[in-house]
>>> print(open('structure03.tsv').read())   # TSV, C-alpha atoms and all ligand atoms
chain	number	residue	atom	x	y	z
A	1	MET	CA	14.81	-56.04	26.21
A	2	ALA	CA	15.61	-53.04	28.30
A	3	PHE	CA	15.23	-49.69	26.59
A	4	GLU	CA	18.34	-47.99	25.21
A	5	VAL	CA	19.12	-44.48	24.07
A	6	PRO	CA	19.57	-44.64	20.29
A	7	PRO	CA	22.68	-42.93	18.93
A	8	LEU	CA	22.07	-39.54	17.35
A	9	PRO	CA	21.72	-39.90	13.57
A	10	TYR	CA	24.04	-36.87	13.09
A	11	ASP	CA	26.86	-35.10	14.92
A	12	TYR	CA	26.17	-33.21	18.13
A	13	ASN	CA	27.09	-29.95	16.42
A	14	ALA	CA	25.18	-30.72	13.21
A	15	LEU	CA	22.12	-28.67	14.10
A	16	GLU	CA	24.13	-25.51	14.79
A	17	PRO	CA	23.41	-22.65	14.83
A	18	HIS	CA	19.76	-23.43	15.59
A	19	ILE	CA	20.45	-25.98	18.32
A	20	ASP	CA	23.84	-25.77	19.98
A	21	GLU	CA	26.26	-28.63	20.52
A	22	GLN	CA	26.33	-28.40	24.32
A	23	THR	CA	22.54	-28.60	24.52
A	24	MET	CA	22.56	-31.67	22.27
A	25	HIS	CA	25.16	-33.39	24.47
A	26	LEU	CA	23.26	-32.73	27.68
A	27	HIS	CA	19.87	-33.39	26.16
A	28	HIS	CA	20.74	-36.66	24.44
A	29	ASP	CA	23.45	-38.08	26.74
A	30	LYS	CA	22.10	-37.00	30.13
A	31	HIS	CA	18.38	-36.23	29.96
A	32	HIS	CA	17.36	-38.98	27.53
A	33	GLN	CA	19.63	-41.47	29.31
A	34	ALA	CA	17.96	-40.65	32.63
A	35	TYR	CA	14.49	-41.33	31.17
A	36	VAL	CA	15.72	-44.67	29.83
A	37	ASP	CA	17.37	-45.66	33.10
A	38	ASN	CA	14.33	-44.73	35.17
A	39	ALA	CA	11.89	-46.43	32.79
A	40	ASN	CA	13.96	-49.62	32.90
A	41	LYS	CA	14.12	-49.46	36.68
A	42	ALA	CA	10.35	-49.06	36.98
A	43	LEU	CA	9.56	-51.86	34.52
A	44	ASP	CA	12.22	-54.30	35.73
A	45	GLY	CA	10.70	-57.54	36.98
A	46	THR	CA	7.23	-56.79	35.62
A	47	GLU	CA	5.54	-58.50	32.69
A	48	TRP	CA	5.89	-55.20	30.80
A	49	ALA	CA	9.70	-55.28	30.76
A	50	ASN	CA	9.76	-57.04	27.38
A	51	HIS	CA	7.21	-54.85	25.63
A	52	SER	CA	7.95	-52.03	23.22
A	53	VAL	CA	7.79	-48.50	24.57
A	54	GLU	CA	4.74	-47.89	22.37
A	55	GLN	CA	2.93	-50.89	23.85
A	56	VAL	CA	3.74	-49.73	27.36
A	57	LEU	CA	2.51	-46.19	26.71
A	58	ALA	CA	-0.68	-47.40	25.05
A	59	ASN	CA	-1.51	-49.46	28.14
A	60	LEU	CA	-0.54	-47.13	30.99
A	61	GLU	CA	-3.86	-47.51	32.79
A	62	ILE	CA	-3.47	-51.26	33.22
A	63	LEU	CA	0.09	-51.08	34.55
A	64	PRO	CA	0.56	-51.73	38.28
A	65	ASP	CA	-0.47	-48.60	40.22
A	66	GLU	CA	2.86	-48.23	41.96
A	67	ILE	CA	4.82	-47.85	38.71
A	68	GLN	CA	2.29	-45.95	36.59
A	69	THR	CA	3.62	-42.47	37.26
A	70	ALA	CA	7.27	-43.44	36.84
A	71	VAL	CA	6.50	-45.23	33.57
A	72	ARG	CA	4.30	-42.44	32.26
A	73	ASN	CA	7.08	-39.89	32.84
A	74	ASN	CA	10.10	-41.95	31.86
A	75	ALA	CA	8.85	-44.29	29.12
A	76	GLY	CA	7.11	-41.18	27.80
A	77	GLY	CA	10.41	-39.32	27.94
A	78	HIS	CA	12.13	-42.16	26.09
A	79	ALA	CA	9.56	-42.33	23.29
A	80	ASN	CA	9.31	-38.55	22.93
A	81	HIS	CA	13.05	-38.00	22.68
A	82	THR	CA	13.57	-40.94	20.31
A	83	LEU	CA	11.09	-39.27	17.97
A	84	PHE	CA	12.63	-35.84	18.53
A	85	TRP	CA	16.11	-36.89	17.31
A	86	GLU	CA	14.60	-38.55	14.24
A	87	ILE	CA	12.52	-35.64	13.09
A	88	MET	CA	15.45	-33.23	13.07
A	89	SER	CA	18.21	-33.12	10.46
A	90	PRO	CA	21.12	-30.90	9.49
A	91	ASP	CA	19.58	-31.02	5.99
A	92	GLY	CA	16.19	-30.07	7.39
A	93	GLY	CA	13.89	-27.13	6.94
A	94	GLY	CA	12.10	-26.23	3.75
A	95	GLU	CA	8.66	-27.50	2.94
A	96	PRO	CA	6.98	-30.91	3.22
A	97	GLY	CA	5.91	-32.63	0.02
A	98	GLY	CA	3.44	-35.18	-1.27
A	99	SER	CA	0.52	-36.48	0.74
A	100	LEU	CA	1.69	-34.81	3.96
A	101	ALA	CA	1.70	-31.37	2.33
A	102	ASN	CA	-1.80	-32.00	0.99
A	103	ALA	CA	-3.08	-33.09	4.40
A	104	ILE	CA	-1.49	-30.05	6.09
A	105	ASN	CA	-3.00	-27.68	3.53
A	106	ASP	CA	-6.43	-29.31	3.83
A	107	THR	CA	-6.41	-29.21	7.64
A	108	PHE	CA	-4.59	-25.99	8.50
A	109	GLY	CA	-4.67	-23.94	5.27
A	110	SER	CA	-0.92	-23.85	4.74
A	111	VAL	CA	2.39	-25.02	6.18
A	112	ASP	CA	2.93	-21.54	7.62
A	113	GLU	CA	-0.40	-21.76	9.46
A	114	LEU	CA	0.61	-25.15	10.85
A	115	LYS	CA	3.93	-23.74	12.09
A	116	LYS	CA	2.15	-20.80	13.73
A	117	LEU	CA	-0.27	-23.13	15.47
A	118	VAL	CA	2.44	-25.52	16.70
A	119	ASN	CA	4.57	-22.59	17.94
A	120	ASP	CA	1.64	-20.88	19.63
A	121	THR	CA	0.66	-24.16	21.28
A	122	GLY	CA	4.24	-24.57	22.51
A	123	VAL	CA	4.48	-21.01	23.81
A	124	LYS	CA	1.23	-21.45	25.75
A	125	ARG	CA	2.30	-24.68	27.43
A	126	PHE	CA	2.82	-23.57	31.02
A	127	GLY	CA	5.91	-25.17	32.50
A	128	SER	CA	7.38	-28.18	30.71
A	129	GLY	CA	5.95	-30.23	27.89
A	130	TRP	CA	5.66	-30.77	24.17
A	131	SER	CA	3.87	-29.28	21.18
A	132	TRP	CA	2.64	-31.97	18.80
A	133	LEU	CA	1.38	-32.62	15.30
A	134	VAL	CA	-0.43	-35.96	15.53
A	135	HIS	CA	-2.58	-38.27	13.44
A	136	ASP	CA	-5.64	-38.97	15.56
A	137	GLY	CA	-6.96	-41.86	13.50
A	138	THR	CA	-9.02	-39.69	11.18
A	139	GLY	CA	-6.72	-36.77	10.40
A	140	LEU	CA	-4.15	-34.28	11.61
A	141	ALA	CA	-4.36	-32.37	14.88
A	142	VAL	CA	-2.15	-30.06	16.94
A	143	TYR	CA	-2.05	-29.99	20.73
A	144	SER	CA	0.39	-29.90	23.59
A	145	THR	CA	1.02	-32.30	26.42
A	146	ALA	CA	2.46	-31.59	29.85
A	147	ASN	CA	5.67	-33.12	31.16
A	148	GLN	CA	6.53	-36.26	29.14
A	149	ASP	CA	2.98	-37.35	28.38
A	150	SER	CA	2.91	-39.09	25.00
A	151	PRO	CA	0.13	-38.82	22.40
A	152	ILE	CA	0.40	-42.61	22.19
A	153	SER	CA	-1.31	-42.81	25.59
A	154	SER	CA	-4.29	-40.98	24.02
A	155	SER	CA	-4.34	-43.44	21.08
A	156	ASP	CA	-2.87	-40.82	18.72
A	157	THR	CA	0.22	-41.22	16.54
A	158	PRO	CA	2.81	-38.48	17.07
A	159	LEU	CA	4.18	-37.25	13.73
A	160	LEU	CA	6.17	-34.22	14.91
A	161	GLY	CA	6.86	-32.99	18.41
A	162	ILE	CA	8.85	-30.04	19.68
A	163	ASP	CA	10.33	-30.32	23.14
A	164	VAL	CA	9.54	-27.12	25.06
A	165	TRP	CA	11.23	-28.11	28.32
A	166	GLU	CA	13.79	-25.47	29.24
A	167	HIS	CA	16.54	-28.11	28.98
A	168	ALA	CA	15.88	-28.16	25.21
A	169	TYR	CA	16.72	-24.49	24.66
A	170	TYR	CA	17.83	-22.60	27.76
A	171	LEU	CA	21.60	-22.54	27.14
A	172	LYS	CA	21.20	-20.78	23.80
A	173	TYR	CA	17.82	-19.05	24.03
A	174	GLN	CA	17.49	-18.53	27.80
A	175	ASN	CA	13.85	-17.58	28.45
A	176	ARG	CA	13.08	-16.89	24.77
A	177	ARG	CA	10.97	-19.96	24.00
A	178	PRO	CA	9.25	-18.29	21.01
A	179	GLU	CA	12.64	-17.65	19.37
A	180	TYR	CA	13.65	-21.30	19.85
A	181	LEU	CA	10.36	-22.46	18.33
A	182	GLU	CA	10.81	-20.17	15.30
A	183	ALA	CA	14.38	-21.43	14.78
A	184	TRP	CA	13.43	-25.09	15.25
A	185	TRP	CA	11.73	-25.30	11.84
A	186	ASN	CA	15.15	-24.82	10.21
A	187	VAL	CA	16.04	-28.35	11.31
A	188	VAL	CA	12.71	-30.14	10.83
A	189	ASN	CA	13.16	-33.38	8.88
A	190	TRP	CA	9.99	-33.38	6.77
A	191	GLU	CA	10.91	-36.71	5.15
A	192	ALA	CA	10.88	-38.42	8.54
A	193	VAL	CA	7.56	-36.76	9.39
A	194	GLN	CA	6.17	-37.87	6.02
A	195	GLN	CA	7.22	-41.47	6.73
A	196	ARG	CA	5.44	-41.38	10.07
A	197	PHE	CA	2.37	-39.90	8.39
A	198	GLU	CA	2.27	-42.69	5.79
A	199	SER	CA	2.56	-45.39	8.48
A	200	ALA	CA	-0.18	-43.75	10.54
A	201	GLY	CA	-2.62	-43.13	7.69
A	301	MN3	MN	13.89	-33.01	26.45
>>> encode(input="structure03.tsv", output="C-alpha cells")
Amino acid sequence: MAFEVPPLPYDYNALEPHIDEQTMHLHHDKHHQAYVDNANKALDGTEWANHSVEQVLANLEILPDEIQTAVRNNAGGHANHTLFWEIMSPDGGGEPGGSLANAINDTFGSVDELKKLVNDTGVKRFGSGWSWLVHDGTGLAVYSTANQDSPISSSDTPLLGIDVWEHAYYLKYQNRRPEYLEAWWNVVNWEAVQQRFESAG
C-alpha cells in the first residue's frame, strides 16, 4: 500500500487565529503531499513498499543505500506530519489529565516547565526540524531533530511534536518562531497525546 496523506480531522481554518488557513492549506496539501509522493517514489519496487511508515523508519539502516536518504527525509516527513495534524485540535489547549499529567509533573516539574523546555528546544533548533516530547521506553524526554528525522528511527515513540520548519509558521509569524511556539499550545490536543502515551507505556 502506497502512503497517502490523511484528510485533516478539522477544517483548514479551524485552528485560527493561532495557525492560519493559508498555512494549513499549503502545509497539508502541498508539503505533506510532496513527502508522501517522494517516499512512495523511493520505496516503489522495493520489498519495503508494503510496510508501514513506522516499520520503514525503524529500519532505515537496513534499507538499500541508494534510497536511505530519500526515505529518511520523506517517510519521516509523512510520519511527522501525520502525527502533527492529529495532536492539534480546534478544541485544544488547556491542561493534560490523568497518567500523562502525572508523568509530566514527575519528569519536568509541571506542564509549564514542559512547555518551556519544548519551546526552548524548538527555538534552538538551527534551520529546520522538530521539537519533540517522546517516550523513550522508560519515560518521557524532550529533544529536537533536524530536517524530517523521526524519533521512531531512534527507537523512541513520538507523543507530541511541533514543526519548526519555516513553512509551518512563516506566513503568519514571519521570523518570530518563539511567538509561534507560544501560540501553538492553544491548539494542542492533549487527549490525542494521552492516547499515544498510553499505547507507548
Ligand atoms: Mn511541515
>>> residues_near_ligand(input="structure03.tsv", ligand="ligand MN3 301 (chain A)", cutoff="9 Å", atoms="all atoms listed in the file", output="list in words")
His27, His28, His31, His32, Gly77, Asn80, His81, Phe84, Gly129, Trp130, Gln148, Ile162, Asp163, Val164, Trp165, Glu166, His167 and Ala168 of chain A
>>> closest_atom_pairs(input="structure03.tsv", of="region 78-159 of chain A", to="region 180-185 of chain A", cutoff="12 Å", atoms="only C-alpha atoms", output="JSON lines")
{"residue": "A:Phe84", "atom": "CA", "partner": "A:Trp184", "partner_atom": "CA", "distance": 11.3}
{"residue": "A:Ile87", "atom": "CA", "partner": "A:Trp185", "partner_atom": "CA", "distance": 10.4}
{"residue": "A:Met88", "atom": "CA", "partner": "A:Trp184", "partner_atom": "CA", "distance": 8.7}
{"residue": "A:Ser89", "atom": "CA", "partner": "A:Trp185", "partner_atom": "CA", "distance": 10.2}
{"residue": "A:Pro90", "atom": "CA", "partner": "A:Trp185", "partner_atom": "CA", "distance": 11.2}
{"residue": "A:Asp91", "atom": "CA", "partner": "A:Trp185", "partner_atom": "CA", "distance": 11.3}
{"residue": "A:Gly92", "atom": "CA", "partner": "A:Trp185", "partner_atom": "CA", "distance": 7.9}
{"residue": "A:Gly93", "atom": "CA", "partner": "A:Trp185", "partner_atom": "CA", "distance": 5.7}
{"residue": "A:Gly94", "atom": "CA", "partner": "A:Trp185", "partner_atom": "CA", "distance": 8.2}
{"residue": "A:Glu95", "atom": "CA", "partner": "A:Trp185", "partner_atom": "CA", "distance": 9.7}
{"residue": "A:Pro96", "atom": "CA", "partner": "A:Trp185", "partner_atom": "CA", "distance": 11.3}
{"residue": "A:Val111", "atom": "CA", "partner": "A:Trp185", "partner_atom": "CA", "distance": 10.9}
{"residue": "A:Asp112", "atom": "CA", "partner": "A:Trp185", "partner_atom": "CA", "distance": 10.5}
{"residue": "A:Leu114", "atom": "CA", "partner": "A:Trp185", "partner_atom": "CA", "distance": 11.2}
{"residue": "A:Lys115", "atom": "CA", "partner": "A:Trp185", "partner_atom": "CA", "distance": 8.0}
{"residue": "A:Lys116", "atom": "CA", "partner": "A:Glu182", "partner_atom": "CA", "distance": 8.8}
{"residue": "A:Leu117", "atom": "CA", "partner": "A:Leu181", "partner_atom": "CA", "distance": 11.0}
{"residue": "A:Val118", "atom": "CA", "partner": "A:Leu181", "partner_atom": "CA", "distance": 8.6}
{"residue": "A:Asn119", "atom": "CA", "partner": "A:Leu181", "partner_atom": "CA", "distance": 5.8}
{"residue": "A:Asp120", "atom": "CA", "partner": "A:Leu181", "partner_atom": "CA", "distance": 9.0}
{"residue": "A:Thr121", "atom": "CA", "partner": "A:Leu181", "partner_atom": "CA", "distance": 10.3}
{"residue": "A:Gly122", "atom": "CA", "partner": "A:Leu181", "partner_atom": "CA", "distance": 7.7}
{"residue": "A:Val123", "atom": "CA", "partner": "A:Leu181", "partner_atom": "CA", "distance": 8.2}
{"residue": "A:Lys124", "atom": "CA", "partner": "A:Leu181", "partner_atom": "CA", "distance": 11.8}
{"residue": "A:Trp130", "atom": "CA", "partner": "A:Leu181", "partner_atom": "CA", "distance": 11.2}
{"residue": "A:Ser131", "atom": "CA", "partner": "A:Leu181", "partner_atom": "CA", "distance": 9.8}
>>> residues_around(input="structure03.tsv", residues="Gln195 (chain A)", least_positions_apart="6", cutoff="12 Å", atoms="only C-alpha atoms", output="MDAnalysis selection string")
chainID A and resid 86:87 96:100 158:160 189 201
>>> residues_near_point(input="structure03.tsv", point="(6.9, -43.7, 26.9)", cutoff="9 Å", atoms="all atoms listed in the file", output="PyMOL selection string")
chain A and resi 39+53-58+71-80+148-150+152-153
>>> atom_distance(input="structure03.tsv", atom1="CA of Thr69 (chain A)", atom2="CA of Asp29 (chain A)")
22.9 Å
>>> atom_distance(input="structure03.tsv", atom1="CA of Glu66 (chain A)", atom2="CA of Asp44 (chain A)")
12.8 Å
>>> residues_around(input="structure03.tsv", residues="Glu21 (chain A)", least_positions_apart="4", cutoff="12 Å", atoms="only C-alpha atoms", output="PyMOL selection string")
chain A and resi 10-17+25-29+168-169+171-172
>>> atom_distance(input="structure03.tsv", atom1="CA of Ala192 (chain A)", atom2="CA of Leu83 (chain A)")
9.5 Å
>>> closest_residue(input="structure03.tsv", among="A:Val134, A:Val5, A:Ala141, A:Val188", to="Thr82 (chain A)", atoms="all atoms listed in the file")
A:Val5
>>> closest_residue(input="structure03.tsv", among="A:Tyr173, A:Val187, A:Arg196, A:His18", to="Leu133 (chain A)", atoms="all atoms listed in the file")
A:Arg196
>>> closest_residue(input="structure03.tsv", among="A:Leu140, A:Ala101, A:Ala34, A:Met24", to="Trp190 (chain A)", atoms="only C-alpha atoms")
A:Ala101
>>> build_atoms(input="structure03.tsv", residues="region 113-128 of chain A", atoms="N, CA, C and O atoms", output="mmCIF file, keeping the file's coordinate frame")
data_model
loop_
_atom_site.group_PDB
_atom_site.id
_atom_site.type_symbol
_atom_site.label_atom_id
_atom_site.label_comp_id
_atom_site.auth_asym_id
_atom_site.auth_seq_id
_atom_site.Cartn_x
_atom_site.Cartn_y
_atom_site.Cartn_z
ATOM 1 N N GLU A 113 0.648 -21.759 8.424
ATOM 2 C CA GLU A 113 -0.400 -21.760 9.460
ATOM 3 C C GLU A 113 -0.156 -22.898 10.461
ATOM 4 O O GLU A 113 -0.368 -22.724 11.666
ATOM 5 N N LEU A 114 0.279 -24.034 9.947
ATOM 6 C CA LEU A 114 0.610 -25.150 10.850
ATOM 7 C C LEU A 114 1.740 -24.746 11.803
ATOM 8 O O LEU A 114 1.650 -24.959 13.019
ATOM 9 N N LYS A 115 2.792 -24.134 11.253
ATOM 10 C CA LYS A 115 3.930 -23.740 12.090
ATOM 11 C C LYS A 115 3.479 -22.748 13.166
ATOM 12 O O LYS A 115 3.875 -22.846 14.330
ATOM 13 N N LYS A 116 2.649 -21.791 12.771
ATOM 14 C CA LYS A 116 2.150 -20.800 13.730
ATOM 15 C C LYS A 116 1.387 -21.479 14.859
ATOM 16 O O LYS A 116 1.542 -21.130 16.034
ATOM 17 N N LEU A 117 0.556 -22.437 14.481
ATOM 18 C CA LEU A 117 -0.270 -23.130 15.470
ATOM 19 C C LEU A 117 0.592 -23.967 16.418
ATOM 20 O O LEU A 117 0.395 -23.942 17.648
ATOM 21 N N VAL A 118 1.558 -24.696 15.860
ATOM 22 C CA VAL A 118 2.440 -25.520 16.700
ATOM 23 C C VAL A 118 3.249 -24.616 17.644
ATOM 24 O O VAL A 118 3.391 -24.905 18.843
ATOM 25 N N ASN A 119 3.775 -23.509 17.112
ATOM 26 C CA ASN A 119 4.570 -22.590 17.940
ATOM 27 C C ASN A 119 3.715 -21.962 19.035
ATOM 28 O O ASN A 119 4.125 -21.891 20.202
ATOM 29 N N ASP A 120 2.538 -21.508 18.663
ATOM 30 C CA ASP A 120 1.640 -20.880 19.630
ATOM 31 C C ASP A 120 1.255 -21.865 20.737
ATOM 32 O O ASP A 120 1.221 -21.527 21.919
ATOM 33 N N THR A 121 1.003 -23.101 20.327
ATOM 34 C CA THR A 121 0.660 -24.160 21.280
ATOM 35 C C THR A 121 1.829 -24.428 22.226
ATOM 36 O O THR A 121 1.637 -24.648 23.422
ATOM 37 N N GLY A 122 3.041 -24.373 21.693
ATOM 38 C CA GLY A 122 4.240 -24.570 22.510
ATOM 39 C C GLY A 122 4.500 -23.417 23.452
ATOM 40 O O GLY A 122 4.908 -23.610 24.604
ATOM 41 N N VAL A 123 4.272 -22.201 22.963
ATOM 42 C CA VAL A 123 4.480 -21.010 23.810
ATOM 43 C C VAL A 123 3.502 -21.032 24.981
ATOM 44 O O VAL A 123 3.844 -20.669 26.107
ATOM 45 N N LYS A 124 2.271 -21.485 24.715
ATOM 46 C CA LYS A 124 1.230 -21.450 25.750
ATOM 47 C C LYS A 124 1.333 -22.582 26.765
ATOM 48 O O LYS A 124 0.670 -22.539 27.795
ATOM 49 N N ARG A 125 2.118 -23.582 26.468
ATOM 50 C CA ARG A 125 2.300 -24.680 27.430
ATOM 51 C C ARG A 125 2.975 -24.117 28.676
ATOM 52 O O ARG A 125 4.109 -23.704 28.627
ATOM 53 N N PHE A 126 2.262 -24.095 29.787
ATOM 54 C CA PHE A 126 2.820 -23.570 31.020
ATOM 55 C C PHE A 126 3.744 -24.617 31.629
ATOM 56 O O PHE A 126 3.361 -25.771 31.781
ATOM 57 N N GLY A 127 4.963 -24.203 31.954
ATOM 58 C CA GLY A 127 5.910 -25.170 32.500
ATOM 59 C C GLY A 127 6.507 -26.013 31.384
ATOM 60 O O GLY A 127 6.781 -25.507 30.306
ATOM 61 N N SER A 128 6.670 -27.298 31.640
ATOM 62 C CA SER A 128 7.380 -28.180 30.710
ATOM 63 C C SER A 128 6.417 -29.050 29.938
ATOM 64 O O SER A 128 5.379 -29.474 30.452
#
